[in-house]
Amino acid sequence: MLGYLKSPQSAPTVTDTKQVDEMYRHWRFHIMFTMYIGYAVFYFTRKSFNYALPAMIADLGIDKADIGMIGTLFYITYGCSKFLSGIISDRSNPRYFMGIGLIATGVINILFGFSSSLLVMTSLWVLNAWFQGWGWPPCSKLMTTWYSRSERGLWWSLWSTAHNVGGALIPLLVGFLTLHYSWRYGFIIPGLIAVVIGLVLCWRLRDKPVTLGLPTVGRWRKDSLELAQENEGRGLSHSDILSKYVLSNKYIWLLAFSYVLVYIVRTAVNDWGNLYLTEQHGYSLITANTTLSLFEVGGFVGSLVAGWGSDRLFGGNRGPMNLIFSIGIFLSVAALWLMPITGFVLQAGCFFTIGFFVFGPQMLIGMAAAECSHKNSAGAATGFVGLFAYMGAALAGYPLALVMEYYHWSGFFTVISAAAAVVGLLLLPFLKAQETEGKETASYEAAR
């Protein structure tokens with residue numbers, strides 16, 4: 001790994017308690033704020049393609065099969081990058097890893113805006129997917145090292161709304177630029193924004209607290225759950241940690257398979273929603289994108305409710321909230337498909353509700369993966385389940401396009417309704433998994 005990407009060594013310990021408190025309060029705020037803005041802008045350069053699609057189809061003559069293939073290649077590449085970069089990011093400096101990734105995606109979006117060849121555009125979008133994978137793992141590392149277990153549900157849910165903010169703003173930005181200028185500006189302008197914010201990430205982010213001379217967050221907050229995880233598996237090599245706490249962890253596999261289906265629903269609604277509204281209901285691009293932005297607004301609210309509820313109502317147990325929200329996914333998708341009366345308000349309400357219920361498990365599953373793993377493998381654990389998530393996203397690309405080619409929008413809704421129904425069944429065993437984890441923590445505390 002290049003020297004400047006390596007995680008720095010621990011700094012001399014700060015012994016002044018007042019100074020420790022001040023430094024923690026300062027950096028927790030600034031790291032959260034910077035991560036939030038940075039990850040929101042990652043969505044500017046990831047979702048620009050989806051919201052420029054109707055105009056690109058009219059201008060370049062590409063068809064749904066081409067769109068589906070680009071989407072599938074993007075998600076497969078992104079999933080692989082998320083896992084591999086997760087392994088690397090556990091040993092890297094998040095400020096440069098995340099910042100360089102965002103700068104690279106910005107440059108690629110600018111180049112995409114000047115392209116017209118389907119081959120060139122596909123190649124650029126696959127390359128964009130690779131650098132998009134540099135965004136999530138550094139954030140999961142920072143979230144698990146700067147915020148402790150008993151409070152993490154709220155903090156993680158707050159941070160996770162960044163992609164809802166980015167996802168809600170980008171359709172409006174792309175729609176405006178496409179309407180008044182060209183779809184090409186819908187890539188160039190977000191790309192320029194990403195380059196600037198990437199430089200800000202390199203400037204303002206920091207690594208783990210110990211690299212600033214601070215105690216671990218578990219010691220600072222005296223959080224017994226956090227201390228138990230910090231002390232587990234000490235002395236193991238990185239390869240042993242990866243093998244034991246990620247690749248051989250049955251709870252991680254359970255979460256990974258659940259993530260596949262959650263992302264089929266999320267990606268299908270997000271990527272094909274505006275095309276559904278423009279083709280099936282005759283909405284203009286601006287109206288369709290505005291309706292779809294409510295999907296992200298619902299996700300913003302749902303993420304906060306899910307994180308707060310798992311902390312306050314279930315004592316850090318993510319299982320019950322995951323199950324409740326998975327039932328809501330099925331009911332809200334069925335409502336959008338089967339409601340007898342259609343109209344802007346009703347359909348916008350359905351998109352809001354689907355977003356509310358989808359983004360709860362989307363956030364909780366990633367957080368649960370980090371908590372079920374080793375402290376030094378948070379990036380690898382979240383990257384691993386993310387790899388499976390984007391296998392699900394890939395299924396919502398070209399394979400779903402083929403389903404729609406033969407069975408139209410009825411086939412589309414049949415697939416995502418079935419996926420939504422099975423999510424709840426897959427998450428049922430996780431109730432026991434979290435219960436077992438709690439007993440193991442209690443046993444550790446008694447042994448101390």
# chains A, B, ... in the order shown; residues from 1 in each chain; ligands from 1
>>> closest_atom_pairs(of="region 242-305 of chain A", to="region 165-187 of chain A", cutoff="10 Å", atoms="only C-alpha atoms", output="CSV")
residue,atom,partner,partner_atom,distance
A:Asn270,CA,A:Gly167,CA,9.1
A:Asn274,CA,A:Pro171,CA,9.6
A:Leu285,CA,A:Gly175,CA,6.8
A:Ile286,CA,A:Gly175,CA,5.6
A:Thr287,CA,A:Gly175,CA,9.2
A:Ala288,CA,A:Pro171,CA,9.2
A:Asn289,CA,A:Pro171,CA,5.4
A:Thr290,CA,A:Leu172,CA,6.7
A:Thr291,CA,A:Pro171,CA,9.7
A:Leu292,CA,A:Ala168,CA,7.9
A:Ser293,CA,A:Ala168,CA,4.4
A:Leu294,CA,A:Ala168,CA,7.0
A:Phe295,CA,A:Ala168,CA,7.8
A:Glu296,CA,A:Ala168,CA,5.3
A:Val297,CA,A:Ala168,CA,6.6
A:Gly298,CA,A:Ala168,CA,9.8
A:Gly299,CA,A:Val165,CA,9.2
A:Phe300,CA,A:Val165,CA,7.3
>>> write_last_selection(atoms="C-alpha atoms", output="PDB file, in the first residue's frame")
ATOM      1  CA  ASN A 270     -34.589   3.392  -7.572  1.00  0.00           C
ATOM      2  CA  ASN A 274     -38.737   7.062 -13.198  1.00  0.00           C
ATOM      3  CA  LEU A 285     -39.125  13.638 -16.491  1.00  0.00           C
ATOM      4  CA  ILE A 286     -39.236  16.391 -13.841  1.00  0.00           C
ATOM      5  CA  THR A 287     -42.463  15.056 -12.282  1.00  0.00           C
ATOM      6  CA  ALA A 288     -41.186  11.456 -12.318  1.00  0.00           C
ATOM      7  CA  ASN A 289     -37.870  12.436 -10.739  1.00  0.00           C
ATOM      8  CA  THR A 290     -39.673  14.551  -8.135  1.00  0.00           C
ATOM      9  CA  THR A 291     -41.886  11.583  -7.246  1.00  0.00           C
ATOM     10  CA  LEU A 292     -38.864   9.301  -7.038  1.00  0.00           C
ATOM     11  CA  SER A 293     -37.018  11.751  -4.797  1.00  0.00           C
ATOM     12  CA  LEU A 294     -39.704  11.017  -2.179  1.00  0.00           C
ATOM     13  CA  PHE A 295     -38.357   7.454  -2.118  1.00  0.00           C
ATOM     14  CA  GLU A 296     -35.136   8.929  -0.711  1.00  0.00           C
ATOM     15  CA  VAL A 297     -37.016  11.247   1.652  1.00  0.00           C
ATOM     16  CA  GLY A 298     -38.881   8.223   3.031  1.00  0.00           C
ATOM     17  CA  GLY A 299     -35.559   6.448   3.400  1.00  0.00           C
ATOM     18  CA  PHE A 300     -34.182   9.406   5.356  1.00  0.00           C
TER      19      PHE A 300
END
>>> select_by_dssp(residues="region 211-335 of chain A", states="alpha helix (DSSP H)", output="PyMOL selection string")
chain A and resi 217-221+224-231+238-242+250-280+285-312+319-335
>>> closest_residue(among="A:Ala369, A:Met143, A:Leu212, A:Leu395", to="Val20 (chain A)", atoms="only C-alpha atoms")
A:Leu212
>>> closest_atom_pairs(of="region 163-282 of chain A", to="region 95-112 of chain A", cutoff="9 Å", atoms="only C-alpha atoms", output="CSV")
residue,atom,partner,partner_atom,distance
A:Arg184,CA,A:Phe112,CA,7.9
A:Tyr185,CA,A:Ile110,CA,8.6
A:Phe187,CA,A:Asn109,CA,5.2
A:Ile188,CA,A:Ile110,CA,4.3
A:Ile189,CA,A:Ile110,CA,7.6
A:Pro190,CA,A:Gly106,CA,7.0
A:Gly191,CA,A:Gly106,CA,3.7
A:Leu192,CA,A:Gly106,CA,6.1
A:Ile193,CA,A:Gly106,CA,7.3
A:Ala194,CA,A:Gly106,CA,4.8
A:Val195,CA,A:Ile103,CA,4.4
A:Val196,CA,A:Ile103,CA,7.5
A:Ile197,CA,A:Leu102,CA,7.7
A:Gly198,CA,A:Gly99,CA,4.4
A:Leu199,CA,A:Gly99,CA,6.2
A:Val200,CA,A:Gly99,CA,7.5
A:Leu201,CA,A:Gly99,CA,5.0
A:Cys202,CA,A:Arg95,CA,4.8
A:Trp203,CA,A:Arg95,CA,7.3
A:Arg204,CA,A:Arg95,CA,7.3
A:Leu205,CA,A:Arg95,CA,4.7
A:Arg206,CA,A:Arg95,CA,5.7
A:Asp207,CA,A:Arg95,CA,7.0
>>> residues_around(residues="Ser89 (chain A)", least_positions_apart="3", cutoff="10 Å", atoms="only C-alpha atoms", output="list in words")
Leu5, Lys6, Ser7, Lys82, Phe83, Leu84, Ser85, Gly86, Ser92, Asn93, Pro94, Phe97, Met98, Trp134, Gly135, Trp136, Pro137, Pro138, Cys139, Ser140, Lys141, Ser377, Ala378, Gly379, Ala380 and Gly383 of chain A
>>> atom_distance(atom1="CA of Leu255 (chain A)", atom2="CA of Leu427 (chain A)")
7.5 Å
>>> closest_residue(among="A:Arg266, A:Arg219, A:Arg152, A:His26", to="Phe356 (chain A)", atoms="only C-alpha atoms")
A:Arg266
>>> residues_around(residues="Ile416 (chain A)", least_positions_apart="3", cutoff="8 Å", atoms="only C-alpha atoms", output="tab-separated table (two decimals) with N, CA and C atoms, in the first residue's frame")
chain	number	residue	atom	x	y	z
A	264	ILE	N	-32.45	-6.01	-4.18
A	264	ILE	CA	-33.27	-6.20	-5.38
A	264	ILE	C	-34.42	-5.19	-5.38
A	265	VAL	N	-35.09	-5.06	-4.24
A	265	VAL	CA	-36.22	-4.14	-4.13
A	265	VAL	C	-35.73	-2.70	-4.24
A	268	ALA	N	-34.34	-1.91	-7.82
A	268	ALA	CA	-35.39	-1.95	-8.84
A	268	ALA	C	-36.24	-0.68	-8.79
A	333	VAL	N	-44.74	-2.28	-1.22
A	333	VAL	CA	-44.56	-2.64	-2.63
A	333	VAL	C	-45.88	-3.15	-3.22
A	412	PHE	N	-42.17	-7.13	-13.48
A	412	PHE	CA	-41.32	-6.31	-12.61
A	412	PHE	C	-41.83	-6.37	-11.16
A	413	PHE	N	-43.12	-6.10	-10.98
A	413	PHE	CA	-43.67	-6.05	-9.62
A	413	PHE	C	-43.79	-7.45	-9.00
A	419	ALA	N	-39.36	-10.91	-3.70
A	419	ALA	CA	-38.13	-10.62	-2.95
A	419	ALA	C	-38.46	-10.01	-1.60
A	420	ALA	N	-39.42	-9.07	-1.59
A	420	ALA	CA	-39.81	-8.42	-0.34
A	420	ALA	C	-40.39	-9.40	0.65
>>> residues_around(residues="region 121-123 of chain A", least_positions_apart="2", cutoff="10 Å", atoms="only C-alpha atoms", output="VMD selection string")
chain A and resid 66 to 67 69 to 71 73 to 74 108 to 109 111 to 119 125 to 129
>>> write_last_selection(atoms="N, CA and C atoms", output="PDB file, in the first residue's frame")
ATOM      1  N   ASP A  66     -29.551  -2.607 -23.144  1.00  0.00           N
ATOM      2  CA  ASP A  66     -28.275  -1.916 -22.949  1.00  0.00           C
ATOM      3  C   ASP A  66     -28.204  -1.303 -21.553  1.00  0.00           C
ATOM      4  N   ILE A  67     -29.303  -0.672 -21.154  1.00  0.00           N
ATOM      5  CA  ILE A  67     -29.362  -0.047 -19.829  1.00  0.00           C
ATOM      6  C   ILE A  67     -29.190  -1.102 -18.740  1.00  0.00           C
ATOM      7  N   MET A  69     -27.754  -4.036 -18.963  1.00  0.00           N
ATOM      8  CA  MET A  69     -26.404  -4.587 -18.956  1.00  0.00           C
ATOM      9  C   MET A  69     -25.431  -3.636 -18.265  1.00  0.00           C
ATOM     10  N   ILE A  70     -25.545  -2.337 -18.553  1.00  0.00           N
ATOM     11  CA  ILE A  70     -24.681  -1.360 -17.879  1.00  0.00           C
ATOM     12  C   ILE A  70     -24.918  -1.409 -16.374  1.00  0.00           C
ATOM     13  N   GLY A  71     -26.193  -1.484 -15.981  1.00  0.00           N
ATOM     14  CA  GLY A  71     -26.512  -1.543 -14.559  1.00  0.00           C
ATOM     15  C   GLY A  71     -25.958  -2.787 -13.887  1.00  0.00           C
ATOM     16  N   LEU A  73     -23.362  -4.718 -14.877  1.00  0.00           N
ATOM     17  CA  LEU A  73     -21.900  -4.631 -14.797  1.00  0.00           C
ATOM     18  C   LEU A  73     -21.466  -3.656 -13.709  1.00  0.00           C
ATOM     19  N   PHE A  74     -22.199  -2.555 -13.587  1.00  0.00           N
ATOM     20  CA  PHE A  74     -21.875  -1.577 -12.547  1.00  0.00           C
ATOM     21  C   PHE A  74     -21.985  -2.205 -11.164  1.00  0.00           C
ATOM     22  N   ILE A 108     -14.373  10.656 -13.662  1.00  0.00           N
ATOM     23  CA  ILE A 108     -15.013   9.700 -14.579  1.00  0.00           C
ATOM     24  C   ILE A 108     -16.367  10.214 -15.041  1.00  0.00           C
ATOM     25  N   ASN A 109     -17.144  10.834 -14.139  1.00  0.00           N
ATOM     26  CA  ASN A 109     -18.430  11.408 -14.537  1.00  0.00           C
ATOM     27  C   ASN A 109     -18.252  12.515 -15.564  1.00  0.00           C
ATOM     28  N   LEU A 111     -15.805  12.776 -17.769  1.00  0.00           N
ATOM     29  CA  LEU A 111     -15.469  12.115 -19.034  1.00  0.00           C
ATOM     30  C   LEU A 111     -16.703  11.470 -19.653  1.00  0.00           C
ATOM     31  N   PHE A 112     -17.568  10.889 -18.812  1.00  0.00           N
ATOM     32  CA  PHE A 112     -18.800  10.255 -19.295  1.00  0.00           C
ATOM     33  C   PHE A 112     -19.685  11.280 -19.997  1.00  0.00           C
ATOM     34  N   GLY A 113     -19.739  12.490 -19.439  1.00  0.00           N
ATOM     35  CA  GLY A 113     -20.566  13.540 -20.018  1.00  0.00           C
ATOM     36  C   GLY A 113     -20.144  13.954 -21.412  1.00  0.00           C
ATOM     37  N   PHE A 114     -18.879  13.675 -21.776  1.00  0.00           N
ATOM     38  CA  PHE A 114     -18.385  14.020 -23.109  1.00  0.00           C
ATOM     39  C   PHE A 114     -18.414  12.829 -24.064  1.00  0.00           C
ATOM     40  N   SER A 115     -18.949  11.682 -23.610  1.00  0.00           N
ATOM     41  CA  SER A 115     -18.910  10.447 -24.415  1.00  0.00           C
ATOM     42  C   SER A 115     -20.236  10.206 -25.124  1.00  0.00           C
ATOM     43  N   SER A 116     -20.145   9.480 -26.240  1.00  0.00           N
ATOM     44  CA  SER A 116     -21.341   9.093 -26.995  1.00  0.00           C
ATOM     45  C   SER A 116     -21.333   7.620 -27.376  1.00  0.00           C
ATOM     46  N   SER A 117     -20.173   6.986 -27.381  1.00  0.00           N
ATOM     47  CA  SER A 117     -20.054   5.582 -27.737  1.00  0.00           C
ATOM     48  C   SER A 117     -20.552   4.704 -26.585  1.00  0.00           C
ATOM     49  N   LEU A 118     -21.404   3.719 -26.903  1.00  0.00           N
ATOM     50  CA  LEU A 118     -21.930   2.825 -25.877  1.00  0.00           C
ATOM     51  C   LEU A 118     -20.810   2.047 -25.193  1.00  0.00           C
ATOM     52  N   LEU A 119     -19.806   1.614 -25.965  1.00  0.00           N
ATOM     53  CA  LEU A 119     -18.680   0.862 -25.403  1.00  0.00           C
ATOM     54  C   LEU A 119     -17.878   1.721 -24.435  1.00  0.00           C
ATOM     55  N   TRP A 125     -18.419   3.626 -16.945  1.00  0.00           N
ATOM     56  CA  TRP A 125     -19.334   3.405 -15.817  1.00  0.00           C
ATOM     57  C   TRP A 125     -18.896   2.229 -14.951  1.00  0.00           C
ATOM     58  N   VAL A 126     -18.281   1.232 -15.551  1.00  0.00           N
ATOM     59  CA  VAL A 126     -17.713   0.129 -14.776  1.00  0.00           C
ATOM     60  C   VAL A 126     -16.536   0.629 -13.938  1.00  0.00           C
ATOM     61  N   LEU A 127     -15.688   1.483 -14.531  1.00  0.00           N
ATOM     62  CA  LEU A 127     -14.576   2.070 -13.779  1.00  0.00           C
ATOM     63  C   LEU A 127     -15.093   2.950 -12.638  1.00  0.00           C
ATOM     64  N   ASN A 128     -16.172   3.666 -12.899  1.00  0.00           N
ATOM     65  CA  ASN A 128     -16.804   4.468 -11.853  1.00  0.00           C
ATOM     66  C   ASN A 128     -17.252   3.575 -10.694  1.00  0.00           C
ATOM     67  N   ALA A 129     -17.794   2.399 -11.019  1.00  0.00           N
ATOM     68  CA  ALA A 129     -18.240   1.467  -9.988  1.00  0.00           C
ATOM     69  C   ALA A 129     -17.102   1.047  -9.081  1.00  0.00           C
TER      70      ALA A 129
END
>>> residues_around(residues="Cys80 (chain A)", least_positions_apart="5", cutoff="9 Å", atoms="only C-alpha atoms", output="list in words")
Tyr75, Ser85, Trp130, Gly133, Gly383, Phe384, Gly386, Leu387, Phe388 and Tyr390 of chain A
>>> atom_distance(atom1="CA of Phe314 (chain A)", atom2="CA of Arg28 (chain A)")
24.8 Å
>>> closest_atom_pairs(of="region 129-161 of chain A", to="region 317-330 of chain A", cutoff="12 Å", atoms="only C-alpha atoms", output="Markdown table")
| residue | atom | partner | partner_atom | distance |
| --- | --- | --- | --- | --- |
| A:Arg149 | CA | A:Asn317 | CA | 10.4 |
| A:Ser150 | CA | A:Asn317 | CA | 10.0 |
| A:Glu151 | CA | A:Asn317 | CA | 11.9 |
| A:Arg152 | CA | A:Arg318 | CA | 11.2 |
| A:Gly153 | CA | A:Arg318 | CA | 8.6 |
| A:Leu154 | CA | A:Arg318 | CA | 11.8 |
| A:Ser157 | CA | A:Arg318 | CA | 12.0 |
>>> closest_residue(among="A:Tyr51, A:Ala393, A:Cys372, A:Phe357", to="Thr144 (chain A)", atoms="only C-alpha atoms")
A:Cys372
>>> atom_distance(atom1="CA of Lys222 (chain A)", atom2="CA of Arg25 (chain A)")
15.5 Å
>>> residues_around(residues="region 403-411 of chain A", least_positions_apart="3", cutoff="12 Å", atoms="only C-alpha atoms", output="number ranges by chain")
A: 63-65, 68, 268-269, 272-273, 275-277, 279-281, 334, 336-338, 395-400, 414-418
>>> write_last_selection(atoms="N, CA and C atoms", output="PDB file, in the first residue's frame")
ATOM      1  N   ASP A  63     -31.327   1.008 -25.779  1.00  0.00           N
ATOM      2  CA  ASP A  63     -32.566   0.349 -25.371  1.00  0.00           C
ATOM      3  C   ASP A  63     -32.451  -0.185 -23.943  1.00  0.00           C
ATOM      4  N   LYS A  64     -33.525  -0.816 -23.463  1.00  0.00           N
ATOM      5  CA  LYS A  64     -33.566  -1.279 -22.078  1.00  0.00           C
ATOM      6  C   LYS A  64     -32.536  -2.371 -21.800  1.00  0.00           C
ATOM      7  N   ALA A  65     -32.269  -3.221 -22.802  1.00  0.00           N
ATOM      8  CA  ALA A  65     -31.271  -4.275 -22.606  1.00  0.00           C
ATOM      9  C   ALA A  65     -29.885  -3.668 -22.386  1.00  0.00           C
ATOM     10  N   GLY A  68     -29.908  -2.210 -18.899  1.00  0.00           N
ATOM     11  CA  GLY A  68     -29.826  -3.273 -17.910  1.00  0.00           C
ATOM     12  C   GLY A  68     -28.433  -3.863 -17.818  1.00  0.00           C
ATOM     13  N   ALA A 268     -34.343  -1.908  -7.824  1.00  0.00           N
ATOM     14  CA  ALA A 268     -35.393  -1.946  -8.839  1.00  0.00           C
ATOM     15  C   ALA A 268     -36.240  -0.680  -8.790  1.00  0.00           C
ATOM     16  N   VAL A 269     -36.659  -0.287  -7.591  1.00  0.00           N
ATOM     17  CA  VAL A 269     -37.475   0.920  -7.451  1.00  0.00           C
ATOM     18  C   VAL A 269     -36.667   2.160  -7.812  1.00  0.00           C
ATOM     19  N   TRP A 272     -35.457   1.881 -11.886  1.00  0.00           N
ATOM     20  CA  TRP A 272     -36.476   1.776 -12.910  1.00  0.00           C
ATOM     21  C   TRP A 272     -37.724   2.618 -12.604  1.00  0.00           C
ATOM     22  N   GLY A 273     -37.734   3.254 -11.424  1.00  0.00           N
ATOM     23  CA  GLY A 273     -38.928   3.980 -10.999  1.00  0.00           C
ATOM     24  C   GLY A 273     -39.331   5.110 -11.919  1.00  0.00           C
ATOM     25  N   LEU A 275     -38.580   5.485 -15.065  1.00  0.00           N
ATOM     26  CA  LEU A 275     -39.000   4.947 -16.351  1.00  0.00           C
ATOM     27  C   LEU A 275     -40.418   4.385 -16.247  1.00  0.00           C
ATOM     28  N   TYR A 276     -40.734   3.755 -15.117  1.00  0.00           N
ATOM     29  CA  TYR A 276     -42.092   3.238 -14.881  1.00  0.00           C
ATOM     30  C   TYR A 276     -43.113   4.370 -14.904  1.00  0.00           C
ATOM     31  N   LEU A 277     -42.788   5.467 -14.246  1.00  0.00           N
ATOM     32  CA  LEU A 277     -43.730   6.581 -14.167  1.00  0.00           C
ATOM     33  C   LEU A 277     -43.882   7.298 -15.505  1.00  0.00           C
ATOM     34  N   GLU A 279     -43.310   5.925 -18.615  1.00  0.00           N
ATOM     35  CA  GLU A 279     -43.903   5.037 -19.626  1.00  0.00           C
ATOM     36  C   GLU A 279     -45.326   4.619 -19.274  1.00  0.00           C
ATOM     37  N   GLN A 280     -45.534   4.245 -18.023  1.00  0.00           N
ATOM     38  CA  GLN A 280     -46.810   3.656 -17.631  1.00  0.00           C
ATOM     39  C   GLN A 280     -47.861   4.710 -17.298  1.00  0.00           C
ATOM     40  N   HIS A 281     -47.406   5.851 -16.785  1.00  0.00           N
ATOM     41  CA  HIS A 281     -48.367   6.857 -16.332  1.00  0.00           C
ATOM     42  C   HIS A 281     -48.210   8.206 -17.036  1.00  0.00           C
ATOM     43  N   ALA A 334     -46.588  -3.969  -2.450  1.00  0.00           N
ATOM     44  CA  ALA A 334     -47.880  -4.481  -2.915  1.00  0.00           C
ATOM     45  C   ALA A 334     -48.876  -3.350  -3.126  1.00  0.00           C
ATOM     46  N   LEU A 336     -48.179  -0.195  -4.048  1.00  0.00           N
ATOM     47  CA  LEU A 336     -47.852   0.513  -5.289  1.00  0.00           C
ATOM     48  C   LEU A 336     -48.322  -0.272  -6.506  1.00  0.00           C
ATOM     49  N   TRP A 337     -48.227  -1.585  -6.448  1.00  0.00           N
ATOM     50  CA  TRP A 337     -48.581  -2.435  -7.589  1.00  0.00           C
ATOM     51  C   TRP A 337     -50.093  -2.597  -7.746  1.00  0.00           C
ATOM     52  N   LEU A 338     -50.803  -2.791  -6.636  1.00  0.00           N
ATOM     53  CA  LEU A 338     -52.187  -3.245  -6.709  1.00  0.00           C
ATOM     54  C   LEU A 338     -53.240  -2.188  -6.410  1.00  0.00           C
ATOM     55  N   LEU A 395     -28.973  -8.183 -10.103  1.00  0.00           N
ATOM     56  CA  LEU A 395     -30.159  -8.908 -10.560  1.00  0.00           C
ATOM     57  C   LEU A 395     -31.281  -7.949 -10.953  1.00  0.00           C
ATOM     58  N   ALA A 396     -31.254  -6.749 -10.381  1.00  0.00           N
ATOM     59  CA  ALA A 396     -32.258  -5.745 -10.731  1.00  0.00           C
ATOM     60  C   ALA A 396     -31.893  -4.975 -11.995  1.00  0.00           C
ATOM     61  N   GLY A 397     -30.757  -5.345 -12.611  1.00  0.00           N
ATOM     62  CA  GLY A 397     -30.341  -4.705 -13.848  1.00  0.00           C
ATOM     63  C   GLY A 397     -30.780  -5.497 -15.065  1.00  0.00           C
ATOM     64  N   TYR A 398     -29.827  -6.170 -15.718  1.00  0.00           N
ATOM     65  CA  TYR A 398     -30.128  -6.881 -16.967  1.00  0.00           C
ATOM     66  C   TYR A 398     -31.147  -8.011 -16.782  1.00  0.00           C
ATOM     67  N   PRO A 399     -31.018  -8.869 -15.735  1.00  0.00           N
ATOM     68  CA  PRO A 399     -32.035  -9.923 -15.572  1.00  0.00           C
ATOM     69  C   PRO A 399     -33.454  -9.376 -15.425  1.00  0.00           C
ATOM     70  N   LEU A 400     -33.608  -8.293 -14.661  1.00  0.00           N
ATOM     71  CA  LEU A 400     -34.937  -7.719 -14.503  1.00  0.00           C
ATOM     72  C   LEU A 400     -35.410  -7.066 -15.801  1.00  0.00           C
ATOM     73  N   THR A 414     -43.968  -8.468  -9.825  1.00  0.00           N
ATOM     74  CA  THR A 414     -43.995  -9.830  -9.284  1.00  0.00           C
ATOM     75  C   THR A 414     -42.648 -10.187  -8.661  1.00  0.00           C
ATOM     76  N   VAL A 415     -41.569  -9.835  -9.355  1.00  0.00           N
ATOM     77  CA  VAL A 415     -40.217 -10.144  -8.860  1.00  0.00           C
ATOM     78  C   VAL A 415     -39.922  -9.415  -7.560  1.00  0.00           C
ATOM     79  N   ILE A 416     -40.172  -8.105  -7.515  1.00  0.00           N
ATOM     80  CA  ILE A 416     -39.788  -7.367  -6.302  1.00  0.00           C
ATOM     81  C   ILE A 416     -40.731  -7.670  -5.135  1.00  0.00           C
ATOM     82  N   SER A 417     -41.977  -8.037  -5.433  1.00  0.00           N
ATOM     83  CA  SER A 417     -42.885  -8.432  -4.351  1.00  0.00           C
ATOM     84  C   SER A 417     -42.438  -9.756  -3.730  1.00  0.00           C
ATOM     85  N   ALA A 418     -42.012 -10.694  -4.578  1.00  0.00           N
ATOM     86  CA  ALA A 418     -41.516 -11.974  -4.061  1.00  0.00           C
ATOM     87  C   ALA A 418     -40.259 -11.770  -3.233  1.00  0.00           C
TER      88      ALA A 418
END
>>> decode(residues="region 168-182 of chain A", atoms="N, CA and C atoms", output="mmCIF file, in the first residue's frame")
data_model
loop_
_atom_site.group_PDB
_atom_site.id
_atom_site.type_symbol
_atom_site.label_atom_id
_atom_site.label_comp_id
_atom_site.auth_asym_id
_atom_site.auth_seq_id
_atom_site.Cartn_x
_atom_site.Cartn_y
_atom_site.Cartn_z
ATOM 1 N N ALA A 168 -31.916 12.177 -3.063
ATOM 2 C CA ALA A 168 -33.071 13.053 -3.274
ATOM 3 C C ALA A 168 -32.704 14.295 -4.081
ATOM 4 N N LEU A 169 -31.475 14.780 -3.917
ATOM 5 C CA LEU A 169 -31.056 15.999 -4.613
ATOM 6 C C LEU A 169 -30.647 15.743 -6.055
ATOM 7 N N ILE A 170 -30.014 14.582 -6.313
ATOM 8 C CA ILE A 170 -29.468 14.357 -7.652
ATOM 9 C C ILE A 170 -30.544 14.259 -8.730
ATOM 10 N N PRO A 171 -31.725 13.657 -8.505
ATOM 11 C CA PRO A 171 -32.719 13.671 -9.590
ATOM 12 C C PRO A 171 -33.202 15.079 -9.923
ATOM 13 N N LEU A 172 -33.290 15.932 -8.899
ATOM 14 C CA LEU A 172 -33.706 17.314 -9.154
ATOM 15 C C LEU A 172 -32.632 18.068 -9.922
ATOM 16 N N LEU A 173 -31.353 17.857 -9.525
ATOM 17 C CA LEU A 173 -30.248 18.532 -10.210
ATOM 18 C C LEU A 173 -30.136 18.061 -11.655
ATOM 19 N N VAL A 174 -30.162 16.737 -11.864
ATOM 20 C CA VAL A 174 -30.039 16.203 -13.221
ATOM 21 C C VAL A 174 -31.249 16.597 -14.062
ATOM 22 N N GLY A 175 -32.442 16.541 -13.462
ATOM 23 C CA GLY A 175 -33.629 16.943 -14.195
ATOM 24 C C GLY A 175 -33.568 18.386 -14.647
ATOM 25 N N PHE A 176 -33.113 19.278 -13.764
ATOM 26 C CA PHE A 176 -32.991 20.695 -14.112
ATOM 27 C C PHE A 176 -31.966 20.903 -15.225
ATOM 28 N N LEU A 177 -30.781 20.282 -15.079
ATOM 29 C CA LEU A 177 -29.718 20.452 -16.079
ATOM 30 C C LEU A 177 -30.133 19.865 -17.425
ATOM 31 N N THR A 178 -30.825 18.719 -17.402
ATOM 32 C CA THR A 178 -31.261 18.086 -18.647
ATOM 33 C C THR A 178 -32.319 18.918 -19.349
ATOM 34 N N LEU A 179 -33.252 19.468 -18.570
ATOM 35 C CA LEU A 179 -34.341 20.257 -19.149
ATOM 36 C C LEU A 179 -33.839 21.551 -19.763
ATOM 37 N N HIS A 180 -32.915 22.234 -19.071
ATOM 38 C CA HIS A 180 -32.483 23.564 -19.511
ATOM 39 C C HIS A 180 -31.211 23.533 -20.358
ATOM 40 N N TYR A 181 -30.431 22.469 -20.267
ATOM 41 C CA TYR A 181 -29.180 22.427 -21.025
ATOM 42 C C TYR A 181 -29.085 21.108 -21.801
ATOM 43 N N SER A 182 -28.518 20.073 -21.195
ATOM 44 C CA SER A 182 -28.370 18.771 -21.845
ATOM 45 C C SER A 182 -28.123 17.718 -20.772
#
